[in-house]
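J.: Below is the file query.pdb, which contains PDB, C-alpha atoms and all ligand atoms.
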MODEL        1
ATOM      1  CA  MET X   1      96.781 149.833 119.068  1.00  0.00           C
ATOM      2  CA  ARG X   2      96.300 146.526 117.278  1.00  0.00           C
ATOM      3  CA  GLY X   3      98.537 144.917 119.867  1.00  0.00           C
ATOM      4  CA  LEU X   4      96.363 146.236 122.656  1.00  0.00           C
ATOM      5  CA  ALA X   5      93.184 145.077 120.937  1.00  0.00           C
ATOM      6  CA  ALA X   6      94.678 141.603 120.514  1.00  0.00           C
ATOM      7  CA  ALA X   7      95.708 141.529 124.171  1.00  0.00           C
ATOM      8  CA  VAL X   8      92.218 142.550 125.310  1.00  0.00           C
ATOM      9  CA  LEU X   9      90.678 139.905 123.067  1.00  0.00           C
ATOM     10  CA  GLY X  10      93.116 137.325 124.453  1.00  0.00           C
ATOM     11  CA  VAL X  11      92.117 138.084 128.028  1.00  0.00           C
ATOM     12  CA  ALA X  12      88.422 137.950 127.095  1.00  0.00           C
ATOM     13  CA  LEU X  13      88.858 134.557 125.407  1.00  0.00           C
ATOM     14  CA  CYS X  14      90.777 133.184 128.384  1.00  0.00           C
ATOM     15  CA  SER X  15      88.020 134.164 130.756  1.00  0.00           C
ATOM     16  CA  VAL X  16      85.425 132.503 128.536  1.00  0.00           C
ATOM     17  CA  VAL X  17      87.414 129.250 128.564  1.00  0.00           C
ATOM     18  CA  TYR X  18      87.978 129.577 132.297  1.00  0.00           C
ATOM     19  CA  ALA X  19      84.262 130.086 132.932  1.00  0.00           C
ATOM     20  CA  GLN X  20      83.547 126.697 131.368  1.00  0.00           C
ATOM     21  CA  LYS X  21      85.156 124.804 134.252  1.00  0.00           C
ATOM     22  CA  ALA X  22      84.476 125.260 137.929  1.00  0.00           C
ATOM     23  CA  LYS X  23      87.642 125.218 140.063  1.00  0.00           C
ATOM     24  CA  ASP X  24      88.328 121.545 140.759  1.00  0.00           C
ATOM     25  CA  GLU X  25      89.900 121.968 144.220  1.00  0.00           C
ATOM     26  CA  GLY X  26      90.998 118.338 144.160  1.00  0.00           C
ATOM     27  CA  TRP X  27      87.499 116.817 144.205  1.00  0.00           C
ATOM     28  CA  SER X  28      87.870 114.960 140.913  1.00  0.00           C
ATOM     29  CA  GLN X  29      90.566 112.715 142.451  1.00  0.00           C
ATOM     30  CA  LEU X  30      87.742 111.212 144.549  1.00  0.00           C
ATOM     31  CA  LEU X  31      85.937 109.897 141.483  1.00  0.00           C
ATOM     32  CA  PRO X  32      86.519 106.113 141.473  1.00  0.00           C
ATOM     33  CA  PRO X  33      87.366 104.309 138.225  1.00  0.00           C
ATOM     34  CA  GLY X  34      84.503 102.870 136.182  1.00  0.00           C
ATOM     35  CA  ASP X  35      82.356 103.314 133.080  1.00  0.00           C
ATOM     36  CA  GLY X  36      80.699 106.694 133.319  1.00  0.00           C
ATOM     37  CA  ARG X  37      83.586 108.364 135.160  1.00  0.00           C
ATOM     38  CA  GLN X  38      84.738 110.213 132.053  1.00  0.00           C
ATOM     39  CA  ALA X  39      81.198 111.408 131.297  1.00  0.00           C
ATOM     40  CA  VAL X  40      80.936 112.815 134.842  1.00  0.00           C
ATOM     41  CA  LEU X  41      84.257 114.629 134.375  1.00  0.00           C
ATOM     42  CA  GLU X  42      83.059 116.117 131.104  1.00  0.00           C
ATOM     43  CA  SER X  43      79.431 116.918 131.933  1.00  0.00           C
ATOM     44  CA  CYS X  44      79.319 117.693 135.638  1.00  0.00           C
ATOM     45  CA  THR X  45      82.194 120.112 136.117  1.00  0.00           C
ATOM     46  CA  THR X  46      81.064 123.264 134.328  1.00  0.00           C
ATOM     47  CA  CYS X  47      78.682 124.899 136.829  1.00  0.00           C
ATOM     48  CA  HIS X  48      80.086 123.465 140.056  1.00  0.00           C
ATOM     49  CA  ASN X  49      83.015 121.262 140.966  1.00  0.00           C
ATOM     50  CA  LEU X  50      82.555 117.630 142.017  1.00  0.00           C
ATOM     51  CA  LYS X  51      82.282 118.227 145.776  1.00  0.00           C
ATOM     52  CA  VAL X  52      78.476 117.921 145.686  1.00  0.00           C
ATOM     53  CA  VAL X  53      78.803 114.734 143.645  1.00  0.00           C
ATOM     54  CA  VAL X  54      81.518 112.862 145.581  1.00  0.00           C
ATOM     55  CA  GLU X  55      79.936 113.718 148.956  1.00  0.00           C
ATOM     56  CA  ALA X  56      76.463 112.525 147.931  1.00  0.00           C
ATOM     57  CA  ARG X  57      75.229 109.044 148.904  1.00  0.00           C
ATOM     58  CA  LEU X  58      72.023 108.429 146.987  1.00  0.00           C
ATOM     59  CA  SER X  59      69.804 105.633 145.744  1.00  0.00           C
ATOM     60  CA  ARG X  60      69.501 104.952 142.039  1.00  0.00           C
ATOM     61  CA  ALA X  61      66.109 106.677 142.009  1.00  0.00           C
ATOM     62  CA  ALA X  62      67.568 109.768 143.633  1.00  0.00           C
ATOM     63  CA  TRP X  63      70.555 109.850 141.232  1.00  0.00           C
ATOM     64  CA  THR X  64      68.168 109.471 138.289  1.00  0.00           C
ATOM     65  CA  LYS X  65      66.216 112.441 139.567  1.00  0.00           C
ATOM     66  CA  ASP X  66      69.398 114.490 140.155  1.00  0.00           C
ATOM     67  CA  VAL X  67      70.837 113.731 136.713  1.00  0.00           C
ATOM     68  CA  ASN X  68      67.543 114.746 135.084  1.00  0.00           C
ATOM     69  CA  ASP X  69      67.481 117.877 137.201  1.00  0.00           C
ATOM     70  CA  MET X  70      71.019 118.745 136.030  1.00  0.00           C
ATOM     71  CA  ILE X  71      70.020 118.203 132.402  1.00  0.00           C
ATOM     72  CA  GLN X  72      67.110 120.627 132.935  1.00  0.00           C
ATOM     73  CA  ARG X  73      69.653 123.112 134.257  1.00  0.00           C
ATOM     74  CA  GLY X  74      71.813 122.664 131.165  1.00  0.00           C
ATOM     75  CA  ALA X  75      74.221 119.767 131.836  1.00  0.00           C
ATOM     76  CA  PRO X  76      75.644 118.750 128.440  1.00  0.00           C
ATOM     77  CA  LEU X  77      74.708 115.044 128.272  1.00  0.00           C
ATOM     78  CA  PHE X  78      73.867 112.932 125.244  1.00  0.00           C
ATOM     79  CA  PRO X  79      70.750 110.752 125.741  1.00  0.00           C
ATOM     80  CA  GLU X  80      72.877 107.583 125.495  1.00  0.00           C
ATOM     81  CA  GLU X  81      75.105 108.837 128.338  1.00  0.00           C
ATOM     82  CA  ILE X  82      72.255 109.138 130.851  1.00  0.00           C
ATOM     83  CA  ASP X  83      72.024 105.451 131.744  1.00  0.00           C
ATOM     84  CA  PRO X  84      75.789 104.778 132.095  1.00  0.00           C
ATOM     85  CA  ILE X  85      76.271 107.922 134.176  1.00  0.00           C
ATOM     86  CA  THR X  86      73.337 107.082 136.472  1.00  0.00           C
ATOM     87  CA  THR X  87      74.520 103.480 136.842  1.00  0.00           C
ATOM     88  CA  TYR X  88      78.046 104.663 137.662  1.00  0.00           C
ATOM     89  CA  LEU X  89      76.877 107.267 140.211  1.00  0.00           C
ATOM     90  CA  SER X  90      74.517 104.882 141.986  1.00  0.00           C
ATOM     91  CA  LYS X  91      77.271 102.272 142.235  1.00  0.00           C
ATOM     92  CA  VAL X  92      80.179 104.421 143.440  1.00  0.00           C
ATOM     93  CA  PHE X  93      78.077 106.901 145.463  1.00  0.00           C
ATOM     94  CA  GLY X  94      75.239 104.631 146.552  1.00  0.00           C
ATOM     95  CA  PRO X  95      73.553 104.678 149.972  1.00  0.00           C
ATOM     96  CA  ASP X  96      75.772 101.849 151.304  1.00  0.00           C
ATOM     97  CA  VAL X  97      79.084 103.523 150.464  1.00  0.00           C
ATOM     98  CA  PRO X  98      80.664 104.959 153.644  1.00  0.00           C
ATOM     99  CA  LYS X  99      80.627 108.742 153.940  1.00  0.00           C
ATOM    100  CA  LEU X 100      83.845 110.605 153.159  1.00  0.00           C
ATOM    101  CA  VAL X 101      86.074 111.254 156.168  1.00  0.00           C
ATOM    102  CA  ASN X 102      88.336 114.314 156.263  1.00  0.00           C
ATOM    103  CA  VAL X 103      91.746 112.735 156.802  1.00  0.00           C
ATOM    104  CA  ASN X 104      93.193 116.044 157.989  1.00  0.00           C
ATOM    105  CA  THR X 105      90.732 116.631 160.826  1.00  0.00           C
ATOM    106  CA  ALA X 106      89.215 113.223 161.675  1.00  0.00           C
ATOM    107  CA  SER X 107      89.752 111.644 165.092  1.00  0.00           C
ATOM    108  CA  ARG X 108      91.734 108.423 165.526  1.00  0.00           C
ATOM    109  CA  GLU X 109      88.451 106.525 166.024  1.00  0.00           C
ATOM    110  CA  GLU X 110      86.957 107.846 162.790  1.00  0.00           C
ATOM    111  CA  LEU X 111      90.085 106.898 160.840  1.00  0.00           C
ATOM    112  CA  GLU X 112      90.253 103.413 162.362  1.00  0.00           C
ATOM    113  CA  LYS X 113      86.735 102.715 161.109  1.00  0.00           C
ATOM    114  CA  LEU X 114      87.868 103.078 157.488  1.00  0.00           C
ATOM    115  CA  PRO X 115      88.453  99.748 155.722  1.00  0.00           C
ATOM    116  CA  GLY X 116      92.148  98.937 155.453  1.00  0.00           C
ATOM    117  CA  LEU X 117      93.370 101.483 158.008  1.00  0.00           C
ATOM    118  CA  LYS X 118      94.967  99.509 160.832  1.00  0.00           C
ATOM    119  CA  PRO X 119      95.939 101.333 164.051  1.00  0.00           C
ATOM    120  CA  ASP X 120      99.631 101.599 163.082  1.00  0.00           C
ATOM    121  CA  ILE X 121      98.710 103.234 159.763  1.00  0.00           C
ATOM    122  CA  VAL X 122      96.366 105.622 161.557  1.00  0.00           C
ATOM    123  CA  SER X 123      99.242 106.622 163.844  1.00  0.00           C
ATOM    124  CA  LYS X 124     101.377 107.428 160.796  1.00  0.00           C
ATOM    125  CA  ILE X 125      98.549 109.544 159.380  1.00  0.00           C
ATOM    126  CA  LEU X 126      98.076 111.485 162.603  1.00  0.00           C
ATOM    127  CA  GLU X 127     101.816 112.241 162.697  1.00  0.00           C
ATOM    128  CA  ALA X 128     102.217 113.209 159.054  1.00  0.00           C
ATOM    129  CA  ARG X 129      99.028 115.157 158.296  1.00  0.00           C
ATOM    130  CA  PRO X 130      97.973 117.549 156.755  1.00  0.00           C
ATOM    131  CA  PHE X 131      97.865 116.074 153.243  1.00  0.00           C
ATOM    132  CA  ARG X 132      96.712 117.791 150.090  1.00  0.00           C
ATOM    133  CA  ASN X 133      96.025 114.767 147.917  1.00  0.00           C
ATOM    134  CA  SER X 134      95.883 110.984 147.795  1.00  0.00           C
ATOM    135  CA  GLU X 135      99.456 110.660 146.518  1.00  0.00           C
ATOM    136  CA  GLN X 136     100.831 112.471 149.598  1.00  0.00           C
ATOM    137  CA  LEU X 137      98.690 110.286 151.839  1.00  0.00           C
ATOM    138  CA  ARG X 138      99.727 107.082 150.098  1.00  0.00           C
ATOM    139  CA  ARG X 139     103.425 107.938 150.464  1.00  0.00           C
ATOM    140  CA  ALA X 140     103.007 108.816 154.142  1.00  0.00           C
ATOM    141  CA  VAL X 141     101.436 105.464 154.968  1.00  0.00           C
ATOM    142  CA  GLY X 142     103.902 103.661 152.679  1.00  0.00           C
ATOM    143  CA  ALA X 143     101.146 101.734 150.940  1.00  0.00           C
ATOM    144  CA  GLU X 144     101.213 100.052 147.551  1.00  0.00           C
ATOM    145  CA  LYS X 145      98.741 101.458 145.026  1.00  0.00           C
ATOM    146  CA  ALA X 146      96.523  98.334 145.123  1.00  0.00           C
ATOM    147  CA  GLU X 147      96.577  98.144 148.905  1.00  0.00           C
ATOM    148  CA  PHE X 148      95.570 101.787 149.067  1.00  0.00           C
ATOM    149  CA  GLU X 149      92.675 101.438 146.634  1.00  0.00           C
ATOM    150  CA  LYS X 150      89.987 100.665 149.238  1.00  0.00           C
ATOM    151  CA  VAL X 151      90.560 103.759 151.318  1.00  0.00           C
ATOM    152  CA  GLN X 152      91.588 106.148 148.553  1.00  0.00           C
ATOM    153  CA  TYR X 153      88.023 107.086 147.596  1.00  0.00           C
ATOM    154  CA  LEU X 154      86.722 107.280 151.157  1.00  0.00           C
ATOM    155  CA  VAL X 155      88.859 110.143 152.414  1.00  0.00           C
ATOM    156  CA  LYS X 156      88.791 113.823 151.570  1.00  0.00           C
ATOM    157  CA  TYR X 157      91.377 116.517 152.227  1.00  0.00           C
ATOM    158  CA  ARG X 158      89.132 119.522 152.904  1.00  0.00           C
ATOM    159  CA  ASP X 159      85.543 120.219 153.890  1.00  0.00           C
TER     160      ASP X 159
HETATM  161  C1  LIG T 201      74.267 123.758 133.916  1.00  0.00           C
HETATM  162  C2  LIG T 201      74.860 123.781 135.231  1.00  0.00           C
HETATM  163  C3  LIG T 201      75.057 122.436 135.938  1.00  0.00           C
HETATM  164  C4  LIG T 201      75.655 121.311 135.458  1.00  0.00           C
HETATM  165  C5  LIG T 201      76.346 121.110 134.123  1.00  0.00           C
HETATM  166  C6  LIG T 201      75.559 120.319 136.512  1.00  0.00           C
HETATM  167  N1  LIG T 201      74.958 120.850 137.618  1.00  0.00           N
HETATM  168 FE1  LIG T 201      74.671 119.922 139.394  1.00  0.00          FE
HETATM  169  N2  LIG T 201      73.921 121.634 140.181  1.00  0.00           N
HETATM  170  C7  LIG T 201      73.692 122.801 139.474  1.00  0.00           C
HETATM  171  C8  LIG T 201      73.099 123.784 140.353  1.00  0.00           C
HETATM  172  C9  LIG T 201      72.698 125.189 139.966  1.00  0.00           C
HETATM  173  C10 LIG T 201      72.995 123.156 141.625  1.00  0.00           C
HETATM  174  C11 LIG T 201      72.450 123.735 142.908  1.00  0.00           C
HETATM  175  C12 LIG T 201      71.011 123.322 143.007  1.00  0.00           C
HETATM  176  C13 LIG T 201      70.336 123.844 144.232  1.00  0.00           C
HETATM  177  O1  LIG T 201      71.008 124.325 145.153  1.00  0.00           O
HETATM  178  O2  LIG T 201      69.121 123.759 144.246  1.00  0.00           O
HETATM  179  C14 LIG T 201      73.529 121.809 141.470  1.00  0.00           C
HETATM  180  C15 LIG T 201      73.596 120.881 142.502  1.00  0.00           C
HETATM  181  C16 LIG T 201      73.998 119.578 142.356  1.00  0.00           C
HETATM  182  C17 LIG T 201      73.958 118.573 143.400  1.00  0.00           C
HETATM  183  C18 LIG T 201      73.570 118.822 144.852  1.00  0.00           C
HETATM  184  C19 LIG T 201      72.236 118.218 145.153  1.00  0.00           C
HETATM  185  C20 LIG T 201      71.112 118.861 144.419  1.00  0.00           C
HETATM  186  O3  LIG T 201      70.418 118.140 143.667  1.00  0.00           O
HETATM  187  O4  LIG T 201      70.861 120.060 144.588  1.00  0.00           O
HETATM  188  C21 LIG T 201      74.382 117.399 142.860  1.00  0.00           C
HETATM  189  C22 LIG T 201      74.508 116.056 143.554  1.00  0.00           C
HETATM  190  C23 LIG T 201      74.671 117.673 141.477  1.00  0.00           C
HETATM  191  N3  LIG T 201      74.448 119.011 141.199  1.00  0.00           N
HETATM  192  C24 LIG T 201      75.109 116.723 140.576  1.00  0.00           C
HETATM  193  C25 LIG T 201      75.422 116.976 139.256  1.00  0.00           C
HETATM  194  C26 LIG T 201      75.812 115.954 138.310  1.00  0.00           C
HETATM  195  C27 LIG T 201      75.929 114.467 138.625  1.00  0.00           C
HETATM  196  C28 LIG T 201      76.061 116.602 137.135  1.00  0.00           C
HETATM  197  C29 LIG T 201      76.461 115.957 135.816  1.00  0.00           C
HETATM  198  C30 LIG T 201      75.505 115.028 135.265  1.00  0.00           C
HETATM  199  C31 LIG T 201      75.815 118.028 137.345  1.00  0.00           C
HETATM  200  N4  LIG T 201      75.411 118.209 138.625  1.00  0.00           N
HETATM  201  C32 LIG T 201      75.985 119.007 136.374  1.00  0.00           C
HETATM  202  C33 LIG T 201      73.996 123.037 138.157  1.00  0.00           C
HETATM  203  C34 LIG T 201      74.628 122.148 137.305  1.00  0.00           C
ENDMDL
END
With the file now loaded, output its structure as structure tokens.
T.:
Amino acid sequence: MRGLAAAVLGVALCSVVYAQKAKDEGWSQLLPPGDGRQAVLESCTTCHNLKVVVEARLSRAAWTKDVNDMIQRGAPLFPEEIDPITTYLSKVFGPDVPKLVNVNTASREELEKLPGLKPDIVSKILEARPFRNSEQLRRAVGAEKAEFEKVQYLVKYRD
């Protein structure tokens, strides 16, 4: 009986822990490096995953409004984190950053528009896709990590 009670408690605790993180589905790999990245990972992944964040292209004013809105909804942010997080988001997901392209479904033309993707690399992508993550993509195009950096945060693997 005690064993059963412990098992039930264990399951209940697991589901509580699980409920604290939305399923990532690979979106966090599209968060570019920078100050504020860690705060986004810690504060913006409980209610929803990062799809809404990495697909957004917003001005600083709009990010400020969104971050405040999320705090109203319960996002766990310390006051001193608000400025770094807003600065980070408006830099890496600002209005001038190209929109994400789905590397698994995009046309040749759409892929060729991405910085750093020359026609021969695009051909390799079209042959080798689908990919599930940036590491698979990088290996398929045979790129060095640094060379791959530009395009890495501009492609997604699902819609
Ligand atoms: C307490 C829960 C919660 C947390 C934590 C949270 N969000 Fe949200 N977020 C929501 C909800 C709920 C919506 C949907 C709002 C809607 O549809 O009106 C949303 C939607 C969004 C959207 C879509 C656009 C919009 O404004 O509706 C963006 C962008 C966003 N969140 C960014 C963030 C960022 C950045 C963080 C971390 C600072 C964050 N969220 C943390 C609850 C949360």
J.: Considering only C-alpha atoms, return as a ChimeraX atom specification whatever protein or nucleic-acid residues lie within 8 Å of X:Gln152, sequence-local ones (same chain, fewer than 3 positions apart) excluded.
T.: /X:30,134,148-149,155
J.: Just the selected residues (C-alpha atoms), exported as a CSV table (one decimal), in the coordinates of the input, please.
T.:
chain,number,residue,atom,x,y,z
X,30,LEU,CA,87.7,111.2,144.5
X,134,SER,CA,95.9,111.0,147.8
X,148,PHE,CA,95.6,101.8,149.1
X,149,GLU,CA,92.7,101.4,146.6
X,155,VAL,CA,88.9,110.1,152.4
J.: Which residues come within 10 Å of stretch 69-81 of chain X, counting only C-alpha atoms, excluding same-chain residues fewer than 2 positions away, as a PyMOL selection string?
T.: chain X and resi 36+39-40+42-47+63-67+83-86
J.: List every residue of stretch 69-119 of chain X that has an atom at most 7 Å from any atom of stretch 156-159 of chain X, giving for each one its closest atom pair and the distance in Å to one decimal, counting all atoms listed in the file, sorted by chain and then by ascending residue number, as CSV.
T.:
residue,atom,partner,partner_atom,distance
X:Leu100,CA,X:Lys156,CA,6.1
X:Val101,CA,X:Lys156,CA,5.9
X:Asn102,CA,X:Lys156,CA,4.7
X:Val103,CA,X:Tyr157,CA,5.9
X:Asn104,CA,X:Tyr157,CA,6.1
J.: With all atoms listed in the file as the atoms that count, which of X:Glu147, X:Asp120, X:Glu55, X:Asp24 lies nearest to ligand LIG 201 (chain T)?
T.: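 Residue with the minimum atom-to-atom distance to ligand LIG 201 (chain T): X:Glu55.
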J.: In file coordinates, which residues lie within 6 Å of (75.5, 106.8, 148.4) using only C-alpha atoms, given as a PyMOL selection string?
T.: chain X and resi 56-58+93-97
